[in-house]
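*Asks:* As input, take target-v4.cif (mmCIF, C-alpha atoms):
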```
data_protein
loop_
_atom_site.label_atom_id
_atom_site.label_comp_id
_atom_site.auth_asym_id
_atom_site.auth_seq_id
_atom_site.Cartn_x
_atom_site.Cartn_y
_atom_site.Cartn_z
CA MET A 1 -145.27 85.55 106.71
CA SER A 2 -143.09 88.39 105.40
CA THR A 3 -143.55 90.16 102.08
CA GLU A 4 -140.06 89.03 101.09
CA HIS A 5 -141.03 85.40 101.70
CA VAL A 6 -144.18 85.80 99.63
CA LEU A 7 -142.24 87.30 96.73
CA GLU A 8 -139.58 84.58 96.86
CA HIS A 9 -142.06 81.72 97.33
CA PRO A 10 -145.32 82.84 95.68
CA PRO A 11 -148.35 80.57 96.20
CA ARG A 12 -150.17 79.11 93.27
CA GLY A 13 -153.57 79.66 91.73
CA HIS A 14 -156.06 82.16 93.11
CA ALA A 15 -154.10 82.77 96.30
CA ARG A 16 -151.12 83.87 94.22
CA ALA A 17 -153.30 86.23 92.20
CA ARG A 18 -154.70 87.80 95.37
CA ILE A 19 -151.25 88.38 96.85
CA ARG A 20 -149.86 89.81 93.61
CA GLU A 21 -152.86 92.09 93.42
CA SER A 22 -152.23 93.40 96.92
CA ALA A 23 -148.45 93.58 96.55
CA ASN A 24 -148.26 96.66 94.36
CA LYS A 25 -149.91 99.87 95.56
CA VAL A 26 -150.25 101.57 92.15
CA PRO A 27 -152.32 100.69 89.06
CA GLU A 28 -151.15 99.04 85.90
CA VAL A 29 -150.18 101.53 83.19
CA THR A 30 -152.96 101.32 80.60
CA VAL A 31 -154.63 103.83 78.30
CA TYR A 32 -157.06 104.52 81.14
CA PHE A 33 -154.16 105.45 83.40
CA TRP A 34 -152.99 108.15 81.00
CA ILE A 35 -156.50 109.47 80.36
CA ILE A 36 -157.23 109.88 84.07
CA LYS A 37 -153.76 111.28 84.69
CA VAL A 38 -154.31 114.07 82.15
CA LEU A 39 -157.79 114.73 83.54
CA THR A 40 -156.47 115.03 87.10
CA THR A 41 -153.80 117.49 86.03
CA GLY A 42 -156.29 119.77 84.35
CA MET A 43 -158.82 119.47 87.16
CA GLY A 44 -156.11 120.21 89.74
CA GLU A 45 -155.06 123.34 87.87
CA THR A 46 -158.52 124.87 87.61
CA ALA A 47 -159.63 123.67 91.05
CA SER A 48 -156.61 125.35 92.64
CA ASP A 49 -157.33 128.62 90.86
CA PHE A 50 -161.05 128.38 91.65
CA LEU A 51 -160.45 127.80 95.37
CA ALA A 52 -157.97 130.68 95.53
CA LYS A 53 -160.51 132.94 93.84
CA VAL A 54 -163.40 131.94 96.12
CA LEU A 55 -161.63 131.44 99.47
CA GLY A 56 -158.49 133.54 99.08
CA ASN A 57 -154.92 132.29 98.72
CA VAL A 58 -154.13 131.45 102.35
CA PRO A 59 -157.37 129.55 103.17
CA ALA A 60 -157.17 127.74 99.83
CA VAL A 61 -153.62 126.57 100.47
CA GLY A 62 -154.55 125.51 104.00
CA LEU A 63 -157.57 123.54 102.82
CA GLY A 64 -155.60 122.02 99.95
CA GLY A 65 -152.81 121.01 102.31
CA LEU A 66 -155.20 119.30 104.73
CA ALA A 67 -156.94 117.42 101.92
CA PHE A 68 -153.56 116.44 100.48
CA VAL A 69 -152.33 115.01 103.80
CA ALA A 70 -155.62 113.22 104.50
CA SER A 71 -155.66 111.56 101.08
CA LEU A 72 -152.08 110.30 101.47
CA VAL A 73 -152.77 109.01 104.98
CA LEU A 74 -155.66 106.99 103.56
CA GLN A 75 -153.54 105.78 100.64
CA PHE A 76 -150.77 104.61 102.96
CA ALA A 77 -153.29 102.99 105.32
CA VAL A 78 -154.72 100.53 102.80
CA ARG A 79 -152.76 97.38 102.03
CA ARG A 80 -153.55 97.10 98.35
CA TYR A 81 -154.36 99.26 95.35
CA VAL A 82 -157.88 100.68 95.59
CA ALA A 83 -158.86 102.73 92.55
CA TRP A 84 -160.87 105.49 94.20
CA ILE A 85 -158.36 105.94 97.06
CA TYR A 86 -155.36 106.07 94.75
CA TRP A 87 -156.92 108.52 92.29
CA THR A 88 -158.27 110.71 95.11
CA ALA A 89 -154.70 111.02 96.32
CA ILE A 90 -153.54 111.90 92.80
CA VAL A 91 -156.21 114.60 92.53
CA MET A 92 -155.17 116.08 95.87
CA VAL A 93 -151.52 116.00 94.83
CA SER A 94 -152.52 117.79 91.64
CA VAL A 95 -154.38 120.52 93.52
CA PHE A 96 -151.69 120.99 96.17
CA GLY A 97 -148.82 120.69 93.67
CA THR A 98 -150.39 123.51 91.68
CA MET A 99 -150.69 125.58 94.84
CA ALA A 100 -147.04 124.93 95.74
CA ALA A 101 -145.87 126.21 92.36
CA ASP A 102 -148.24 129.18 92.50
CA VAL A 103 -147.11 130.16 96.01
CA LEU A 104 -143.55 130.44 94.79
CA HIS A 105 -144.55 132.64 91.86
CA VAL A 106 -147.47 134.69 93.19
CA GLY A 107 -146.66 134.73 96.89
CA LEU A 108 -142.87 134.92 96.83
CA GLY A 109 -142.34 136.45 93.42
CA VAL A 110 -140.12 133.64 92.12
CA PRO A 111 -140.20 133.73 88.28
CA TYR A 112 -141.14 130.58 86.37
CA THR A 113 -137.72 130.68 84.71
CA LEU A 114 -136.27 129.97 88.17
CA SER A 115 -138.98 127.79 89.76
CA THR A 116 -139.05 125.38 86.80
CA PRO A 117 -135.37 124.37 87.11
CA LEU A 118 -135.70 124.36 90.93
CA PHE A 119 -138.51 121.81 90.75
CA LEU A 120 -136.51 119.85 88.17
CA VAL A 121 -133.59 119.66 90.61
CA ALA A 122 -136.00 118.59 93.38
CA LEU A 123 -137.37 115.80 91.20
CA ALA A 124 -133.86 114.67 90.25
CA ALA A 125 -132.95 114.58 93.95
CA VAL A 126 -135.97 112.40 94.74
CA PHE A 127 -135.06 110.00 91.94
CA ALA A 128 -131.42 109.89 93.04
CA LEU A 129 -132.35 109.10 96.65
CA TRP A 130 -134.95 106.57 95.54
CA TYR A 131 -132.52 104.74 93.27
CA ALA A 132 -129.69 104.85 95.80
CA SER A 133 -131.99 103.28 98.38
CA GLU A 134 -133.94 100.79 96.26
CA ARG A 135 -131.86 100.33 93.08
CA THR A 136 -134.99 100.78 90.98
CA LEU A 137 -137.45 103.48 89.99
CA SER A 138 -140.01 101.04 88.62
CA ILE A 139 -143.62 101.62 89.58
CA HIS A 140 -144.21 97.88 89.37
CA SER A 141 -142.38 97.34 92.65
CA ILE A 142 -144.16 99.72 95.05
CA ARG A 143 -144.50 97.03 97.72
CA THR A 144 -142.93 98.63 100.79
CA ARG A 145 -143.62 101.78 102.78
CA ARG A 146 -140.26 103.24 101.81
CA ARG A 147 -140.83 102.72 98.10
CA GLU A 148 -144.32 104.12 98.44
CA PHE A 149 -142.91 107.22 100.14
CA PHE A 150 -140.42 107.76 97.32
CA TYR A 151 -143.15 107.20 94.74
CA TRP A 152 -145.43 109.88 96.17
CA ALA A 153 -142.54 112.29 96.69
CA ALA A 154 -141.72 111.88 93.00
CA VAL A 155 -145.38 112.34 92.02
CA LEU A 156 -145.62 115.58 94.02
CA ALA A 157 -142.39 116.88 92.46
CA THR A 158 -143.60 116.04 88.93
CA PHE A 159 -146.84 117.96 89.50
CA ALA A 160 -145.03 121.03 90.82
CA LEU A 161 -142.50 120.87 87.96
CA GLY A 162 -145.19 120.41 85.34
CA THR A 163 -147.21 123.32 86.72
CA ALA A 164 -144.26 125.67 86.60
CA ALA A 165 -143.21 124.48 83.13
CA GLY A 166 -146.73 124.89 81.74
CA ASP A 167 -147.08 128.38 83.19
CA LEU A 168 -143.65 129.25 81.83
CA THR A 169 -144.52 128.33 78.25
CA ALA A 170 -147.91 130.05 78.51
CA THR A 171 -146.35 133.33 79.64
CA ILE A 172 -143.51 133.52 77.12
CA GLY A 173 -145.79 133.85 74.12
CA LEU A 174 -147.22 130.39 73.40
CA GLY A 175 -150.44 130.89 75.34
CA TYR A 176 -152.52 128.05 76.74
CA LEU A 177 -153.51 126.44 73.44
CA GLY A 178 -150.01 126.75 72.04
CA SER A 179 -148.61 125.18 75.21
CA ALA A 180 -151.10 122.32 74.98
CA VAL A 181 -150.04 121.63 71.38
CA LEU A 182 -146.37 121.78 72.38
CA PHE A 183 -146.76 119.30 75.22
CA ALA A 184 -149.03 117.02 73.18
CA ALA A 185 -146.19 116.75 70.67
CA ALA A 186 -143.61 116.41 73.43
CA ILE A 187 -145.37 113.48 75.07
CA CYS A 188 -145.07 111.51 71.83
CA VAL A 189 -141.27 111.63 72.08
CA PRO A 190 -140.78 109.22 75.02
CA ALA A 191 -143.52 106.96 73.64
CA LEU A 192 -141.82 106.67 70.26
CA ALA A 193 -138.36 106.41 71.83
CA HIS A 194 -139.53 103.52 73.99
CA ARG A 195 -141.25 101.80 71.09
CA THR A 196 -138.04 101.97 69.05
CA ARG A 197 -136.02 100.81 72.08
CA LEU A 198 -134.08 104.04 72.35
CA LEU A 199 -135.44 104.66 75.83
CA GLY A 200 -136.02 102.26 78.68
CA ALA A 201 -139.49 101.67 80.10
CA VAL A 202 -138.83 103.40 83.43
CA THR A 203 -137.27 106.52 81.89
CA ALA A 204 -140.00 106.73 79.25
CA PHE A 205 -142.72 106.41 81.87
CA TRP A 206 -141.45 109.15 84.17
CA THR A 207 -140.71 111.47 81.24
CA ALA A 208 -144.26 111.08 79.96
CA TYR A 209 -145.59 111.39 83.51
CA VAL A 210 -143.97 114.81 83.91
CA ILE A 211 -145.28 116.01 80.54
CA THR A 212 -148.89 115.02 81.29
CA ARG A 213 -149.01 117.74 83.94
CA PRO A 214 -148.46 120.80 81.72
CA LEU A 215 -150.47 119.12 78.94
CA GLY A 216 -153.59 118.69 81.05
CA ALA A 217 -153.18 122.01 82.84
CA SER A 218 -152.74 123.94 79.59
CA LEU A 219 -155.86 122.34 78.11
CA ALA A 220 -157.94 123.08 81.19
CA ASP A 221 -156.68 126.66 81.41
CA TRP A 222 -157.46 127.19 77.72
CA MET A 223 -161.01 125.99 78.31
CA ALA A 224 -161.51 128.05 81.47
CA MET A 225 -159.81 131.36 80.73
CA SER A 226 -161.51 134.36 79.15
CA LYS A 227 -162.22 134.34 75.41
CA ARG A 228 -159.22 136.56 74.90
CA ASP A 229 -156.98 133.66 76.01
CA GLY A 230 -159.27 130.65 75.73
CA LEU A 231 -162.82 129.39 75.44
CA GLY A 232 -164.14 131.39 78.40
CA LEU A 233 -166.02 128.51 80.04
CA GLY A 234 -164.96 129.51 83.55
CA LEU A 235 -162.97 127.83 86.31
CA GLY A 236 -165.97 126.34 88.11
CA PRO A 237 -167.62 124.65 85.12
CA VAL A 238 -164.32 123.26 83.81
CA THR A 239 -163.39 121.93 87.26
CA LEU A 240 -166.80 120.30 87.65
CA SER A 241 -166.87 118.74 84.17
CA TRP A 242 -163.36 117.31 84.47
CA THR A 243 -164.20 115.98 87.95
CA VAL A 244 -167.26 114.19 86.57
CA ALA A 245 -165.08 112.64 83.85
CA ILE A 246 -162.53 111.48 86.45
CA VAL A 247 -165.24 109.93 88.63
CA GLY A 248 -166.68 108.13 85.61
CA PHE A 249 -163.36 106.59 84.55
CA VAL A 250 -162.38 105.65 88.11
CA ALA A 251 -165.77 104.02 88.71
CA PHE A 252 -165.31 102.06 85.48
CA LEU A 253 -161.89 100.82 86.63
CA ALA A 254 -163.18 99.97 90.09
CA LEU A 255 -165.89 97.81 88.56
CA THR A 256 -163.88 96.19 85.75
CA ARG A 257 -160.49 96.05 87.52
CA ARG A 258 -158.76 96.62 84.20
CA ASP A 259 -155.91 98.45 85.90
CA THR A 260 -154.85 95.66 88.26
CA GLU A 261 -152.13 93.11 87.69
CA PRO A 262 -153.33 90.14 85.64
CA ALA A 263 -153.73 86.89 87.46
CA GLY A 264 -151.31 84.05 86.85
#
```
Here is a file; write its structure as structure tokens.

*Replies:*
Amino acid sequence: MSTEHVLEHPPRGHARARIRESANKVPEVTVYFWIIKVLTTGMGETASDFLAKVLGNVPAVGLGGLAFVASLVLQFAVRRYVAWIYWTAIVMVSVFGTMAADVLHVGLGVPYTLSTPLFLVALAAVFALWYASERTLSIHSIRTRRREFFYWAAVLATFALGTAAGDLTATIGLGYLGSAVLFAAAICVPALAHRTRLLGAVTAFWTAYVITRPLGASLADWMAMSKRDGLGLGLGPVTLSWTVAIVGFVAFLALTRRDTEPAG
């Protein structure tokens, strides 16, 4: 039986709930989604810097790339949303997306004033191709391999864009704490615009999704950096503490299933 047939002629009762639950490969957008999303962005930022410091830039990028590919292979292999698999992939995208932005700046000398608009153009291109192919950018319809590919391409582009944007604001005088405050205020804009019906759900979601990256990264950097620029807690401790928080929230969702589609 094809997916299209299932969607056009959904079964009733518990069987319908099971199929709906397996149809979409991403979680429901709840408060837990946004909490974990911010945590993964911060953890990815400090983990990337920590690995580069301990292993060196080239080995760190190589290791991050392998982990990134492996996590996506696992995500694509499963037939339904599985909390720990999905969020592992998000963490690996966060780490590798940070590395991609840092390679452009540190390795190739591309300034953030150039890399930020470049990643913005890349994200716009992904959205344009996605919409041209599927006529939707909704995350509630990630039911085919092609839509899943577009979804993860967009996620990777948002992480790279957010990394570059956060580093840009931090280096032009705002600092890490100032950047965190700026993006905390900025993320309220799409939320309020959607609530007042000035912005559609899909546009509001992806706008907020982009902003969570520099928000979380700025907070984590502020905690990890030296006391001249932050709290001076160190890259390792901040990475570890944020990882523990992520594991705790993901375990909670895996047990309660509060981020899956409701039955019925």

*Asks:* Give me, as a compact mmCIF listing (two decimals) with C-alpha atoms, in the frame of the given file, all polymer residues having an atom no more than 7 Å from range 230-241 of chain A, counting all atoms listed in the file and skipping those fewer than 2 positions away in the same chain.

*Replies:*
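Result file follows (around.txt):
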```
# COMPACT_ATOMS: atom_id res chain seq x y z
CA MET A 43 -158.82 119.47 87.16
CA THR A 46 -158.52 124.87 87.61
CA ALA A 47 -159.63 123.67 91.05
CA PHE A 50 -161.05 128.38 91.65
CA ALA A 220 -157.94 123.08 81.19
CA TRP A 222 -157.46 127.19 77.72
CA MET A 223 -161.01 125.99 78.31
CA ALA A 224 -161.51 128.05 81.47
CA MET A 225 -159.81 131.36 80.73
CA SER A 226 -161.51 134.36 79.15
CA LYS A 227 -162.22 134.34 75.41
CA ARG A 228 -159.22 136.56 74.90
CA THR A 243 -164.20 115.98 87.95
CA VAL A 244 -167.26 114.19 86.57
CA ALA A 245 -165.08 112.64 83.85
```

*Asks:* Convert the output of the PyMOL selection byres ((chain A and resi 170) around 12) on the shown file into explicit residues, formatted as a ChimeraX atom specification.

*Replies:* /A:112-113,163-169,171-183,214-215,217-219,221-222,229-230

*Asks:* Considering only C-alpha atoms, state which residue in the set A:Ala70, A:Ala52, A:Val210, A:Val82 is at the smallest distance from Leu123 in chain A.

*Replies:*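 Of all the options, A:Val210 lies closest to Leu123 in chain A.
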
*Asks:* To one decimal place, how far is CA of Tyr32 in chain A from CA of Val69 in chain A in Å?

*Replies:*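 A separation of 25.4 Å between them.
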
*Asks:* Residues at most 12 Å from Val189 in chain A, counting all atoms listed in the file, excluding those fewer than 2 positions away in the same chain, as a ChimeraX atom specification?

*Replies:* /A:182-187,191-196,198-199,203-205,207-208,211

*Asks:* Which residue is closest to Phe33 in chain A? Choose from A:Trp87, A:Tyr131, A:Trp206, A:Phe76 and count all atoms listed in the file.

*Replies:* A:Trp87

*Asks:* Could you tell me how far CA of Val121 in chain A sits from CA of Leu51 in chain A, in Å to one decimal place?

*Replies:*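 Atom-to-atom, CA of Leu51 in chain A and CA of Val121 in chain A are spaced 28.5 Å apart.
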
*Asks:* Just the number, please: distance in Å from CA of Pro27 in chain A to CA of Ala83 in chain A, one decimal.

*Replies:* 7.7 Å

*Asks:* Taking all atoms of range 246-250 of chain A that appear in the file, build a box with edges along x, y and z, extend it by 3 Å on every side, and state its centre and edge lengths in Å to one decimal, as AutoDock Vina command-line options.

*Replies:*
```
--center_x -164.5 --center_y 108.6 --center_z 86.6 --size_x 10.3 --size_y 11.8 --size_z 10.1
```

*Asks:* Could you tell me which of A:Ala154, A:Leu66, A:Ala254, A:Val38 comes closest to Ala122 in chain A if we count all atoms listed in the file?

*Replies:*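 Smallest separation from Ala122 in chain A among the options: A:Ala154.
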
*Asks:* Write out as a ChimeraX atom specification each polymer residue whose atoms come within 8 Å of Met92 in chain A, counting all atoms listed in the file; drop sequence neighbours fewer than 5 positions from it.

*Replies:* /A:44,64,67-68,71

*Asks:* From the structure block, carefully write range 119-131 of chain A out with all heavy atoms; format it as a PDB file, in the first residue's frame.

*Replies:*
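decode-v8.pdb, freshly written:
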```
ATOM      1  N   PHE A 119      25.384  32.647   3.209  1.00  0.00           N
ATOM      2  CA  PHE A 119      24.564  31.575   3.773  1.00  0.00           C
ATOM      3  C   PHE A 119      23.083  31.905   3.675  1.00  0.00           C
ATOM      4  O   PHE A 119      22.248  31.004   3.538  1.00  0.00           O
ATOM      5  CB  PHE A 119      24.962  31.327   5.234  1.00  0.00           C
ATOM      6  CG  PHE A 119      26.268  30.597   5.395  1.00  0.00           C
ATOM      7  CD1 PHE A 119      27.268  31.097   6.218  1.00  0.00           C
ATOM      8  CD2 PHE A 119      26.505  29.402   4.730  1.00  0.00           C
ATOM      9  CE1 PHE A 119      28.469  30.426   6.376  1.00  0.00           C
ATOM     10  CE2 PHE A 119      27.704  28.718   4.871  1.00  0.00           C
ATOM     11  CZ  PHE A 119      28.690  29.230   5.699  1.00  0.00           C
ATOM     12  N   LEU A 120      22.735  33.190   3.737  1.00  0.00           N
ATOM     13  CA  LEU A 120      21.345  33.597   3.569  1.00  0.00           C
ATOM     14  C   LEU A 120      20.860  33.270   2.157  1.00  0.00           C
ATOM     15  O   LEU A 120      19.746  32.762   1.970  1.00  0.00           O
ATOM     16  CB  LEU A 120      21.199  35.093   3.840  1.00  0.00           C
ATOM     17  CG  LEU A 120      19.786  35.676   3.697  1.00  0.00           C
ATOM     18  CD1 LEU A 120      18.822  35.000   4.663  1.00  0.00           C
ATOM     19  CD2 LEU A 120      19.810  37.189   3.934  1.00  0.00           C
ATOM     20  N   VAL A 121      21.706  33.535   1.171  1.00  0.00           N
ATOM     21  CA  VAL A 121      21.371  33.200  -0.218  1.00  0.00           C
ATOM     22  C   VAL A 121      21.235  31.690  -0.374  1.00  0.00           C
ATOM     23  O   VAL A 121      20.325  31.201  -1.061  1.00  0.00           O
ATOM     24  CB  VAL A 121      22.441  33.755  -1.178  1.00  0.00           C
ATOM     25  CG1 VAL A 121      22.239  33.212  -2.585  1.00  0.00           C
ATOM     26  CG2 VAL A 121      22.399  35.282  -1.193  1.00  0.00           C
ATOM     27  N   ALA A 122      22.136  30.922   0.266  1.00  0.00           N
ATOM     28  CA  ALA A 122      22.066  29.460   0.191  1.00  0.00           C
ATOM     29  C   ALA A 122      20.757  28.943   0.779  1.00  0.00           C
ATOM     30  O   ALA A 122      20.107  28.050   0.212  1.00  0.00           O
ATOM     31  CB  ALA A 122      23.259  28.843   0.925  1.00  0.00           C
ATOM     32  N   LEU A 123      20.349  29.509   1.913  1.00  0.00           N
ATOM     33  CA  LEU A 123      19.093  29.098   2.532  1.00  0.00           C
ATOM     34  C   LEU A 123      17.906  29.454   1.647  1.00  0.00           C
ATOM     35  O   LEU A 123      16.983  28.650   1.471  1.00  0.00           O
ATOM     36  CB  LEU A 123      18.940  29.761   3.900  1.00  0.00           C
ATOM     37  CG  LEU A 123      17.641  29.468   4.651  1.00  0.00           C
ATOM     38  CD1 LEU A 123      17.494  27.978   4.925  1.00  0.00           C
ATOM     39  CD2 LEU A 123      17.595  30.261   5.968  1.00  0.00           C
ATOM     40  N   ALA A 124      17.932  30.647   1.075  1.00  0.00           N
ATOM     41  CA  ALA A 124      16.853  31.061   0.166  1.00  0.00           C
ATOM     42  C   ALA A 124      16.765  30.129  -1.038  1.00  0.00           C
ATOM     43  O   ALA A 124      15.668  29.792  -1.501  1.00  0.00           O
ATOM     44  CB  ALA A 124      17.080  32.501  -0.287  1.00  0.00           C
ATOM     45  N   ALA A 125      17.914  29.688  -1.538  1.00  0.00           N
ATOM     46  CA  ALA A 125      17.941  28.775  -2.683  1.00  0.00           C
ATOM     47  C   ALA A 125      17.325  27.424  -2.314  1.00  0.00           C
ATOM     48  O   ALA A 125      16.566  26.834  -3.097  1.00  0.00           O
ATOM     49  CB  ALA A 125      19.377  28.590  -3.168  1.00  0.00           C
ATOM     50  N   VAL A 126      17.646  26.937  -1.113  1.00  0.00           N
ATOM     51  CA  VAL A 126      17.058  25.675  -0.658  1.00  0.00           C
ATOM     52  C   VAL A 126      15.547  25.801  -0.557  1.00  0.00           C
ATOM     53  O   VAL A 126      14.800  24.936  -1.032  1.00  0.00           O
ATOM     54  CB  VAL A 126      17.650  25.261   0.706  1.00  0.00           C
ATOM     55  CG1 VAL A 126      16.883  24.063   1.285  1.00  0.00           C
ATOM     56  CG2 VAL A 126      19.127  24.917   0.568  1.00  0.00           C
ATOM     57  N   PHE A 127      15.073  26.892   0.033  1.00  0.00           N
ATOM     58  CA  PHE A 127      13.634  27.100   0.163  1.00  0.00           C
ATOM     59  C   PHE A 127      12.964  27.222  -1.204  1.00  0.00           C
ATOM     60  O   PHE A 127      11.870  26.698  -1.423  1.00  0.00           O
ATOM     61  CB  PHE A 127      13.358  28.357   0.990  1.00  0.00           C
ATOM     62  CG  PHE A 127      13.514  28.164   2.469  1.00  0.00           C
ATOM     63  CD1 PHE A 127      13.934  29.207   3.278  1.00  0.00           C
ATOM     64  CD2 PHE A 127      13.226  26.950   3.068  1.00  0.00           C
ATOM     65  CE1 PHE A 127      14.064  29.045   4.652  1.00  0.00           C
ATOM     66  CE2 PHE A 127      13.357  26.767   4.438  1.00  0.00           C
ATOM     67  CZ  PHE A 127      13.778  27.821   5.230  1.00  0.00           C
ATOM     68  N   ALA A 128      13.620  27.913  -2.130  1.00  0.00           N
ATOM     69  CA  ALA A 128      13.041  28.085  -3.465  1.00  0.00           C
ATOM     70  C   ALA A 128      12.914  26.747  -4.183  1.00  0.00           C
ATOM     71  O   ALA A 128      11.877  26.443  -4.792  1.00  0.00           O
ATOM     72  CB  ALA A 128      13.899  29.051  -4.282  1.00  0.00           C
ATOM     73  N   LEU A 129      13.964  25.933  -4.109  1.00  0.00           N
ATOM     74  CA  LEU A 129      13.929  24.616  -4.753  1.00  0.00           C
ATOM     75  C   LEU A 129      12.906  23.704  -4.076  1.00  0.00           C
ATOM     76  O   LEU A 129      12.183  22.957  -4.747  1.00  0.00           O
ATOM     77  CB  LEU A 129      15.315  23.975  -4.705  1.00  0.00           C
ATOM     78  CG  LEU A 129      16.390  24.626  -5.585  1.00  0.00           C
ATOM     79  CD1 LEU A 129      17.754  24.019  -5.299  1.00  0.00           C
ATOM     80  CD2 LEU A 129      16.029  24.453  -7.066  1.00  0.00           C
ATOM     81  N   TRP A 130      12.865  23.772  -2.766  1.00  0.00           N
ATOM     82  CA  TRP A 130      11.908  22.959  -2.006  1.00  0.00           C
ATOM     83  C   TRP A 130      10.478  23.318  -2.401  1.00  0.00           C
ATOM     84  O   TRP A 130       9.667  22.439  -2.713  1.00  0.00           O
ATOM     85  CB  TRP A 130      12.149  23.194  -0.520  1.00  0.00           C
ATOM     86  CG  TRP A 130      11.311  22.373   0.417  1.00  0.00           C
ATOM     87  CD1 TRP A 130      10.308  21.499   0.105  1.00  0.00           C
ATOM     88  CD2 TRP A 130      11.417  22.350   1.852  1.00  0.00           C
ATOM     89  NE1 TRP A 130       9.777  20.953   1.245  1.00  0.00           N
ATOM     90  CE2 TRP A 130      10.427  21.442   2.327  1.00  0.00           C
ATOM     91  CE3 TRP A 130      12.238  23.012   2.768  1.00  0.00           C
ATOM     92  CZ2 TRP A 130      10.260  21.189   3.689  1.00  0.00           C
ATOM     93  CZ3 TRP A 130      12.064  22.752   4.119  1.00  0.00           C
ATOM     94  CH2 TRP A 130      11.085  21.853   4.573  1.00  0.00           C
ATOM     95  N   TYR A 131      10.169  24.620  -2.417  1.00  0.00           N
ATOM     96  CA  TYR A 131       8.811  25.029  -2.732  1.00  0.00           C
ATOM     97  C   TYR A 131       8.457  24.737  -4.190  1.00  0.00           C
ATOM     98  O   TYR A 131       7.328  24.319  -4.494  1.00  0.00           O
ATOM     99  CB  TYR A 131       8.621  26.523  -2.445  1.00  0.00           C
ATOM    100  CG  TYR A 131       7.174  26.947  -2.547  1.00  0.00           C
ATOM    101  CD1 TYR A 131       6.298  26.701  -1.492  1.00  0.00           C
ATOM    102  CD2 TYR A 131       6.685  27.559  -3.699  1.00  0.00           C
ATOM    103  CE1 TYR A 131       4.958  27.063  -1.579  1.00  0.00           C
ATOM    104  CE2 TYR A 131       5.351  27.921  -3.792  1.00  0.00           C
ATOM    105  CZ  TYR A 131       4.491  27.676  -2.732  1.00  0.00           C
ATOM    106  OH  TYR A 131       3.169  28.023  -2.833  1.00  0.00           O
TER     107      TYR A 131
END
```
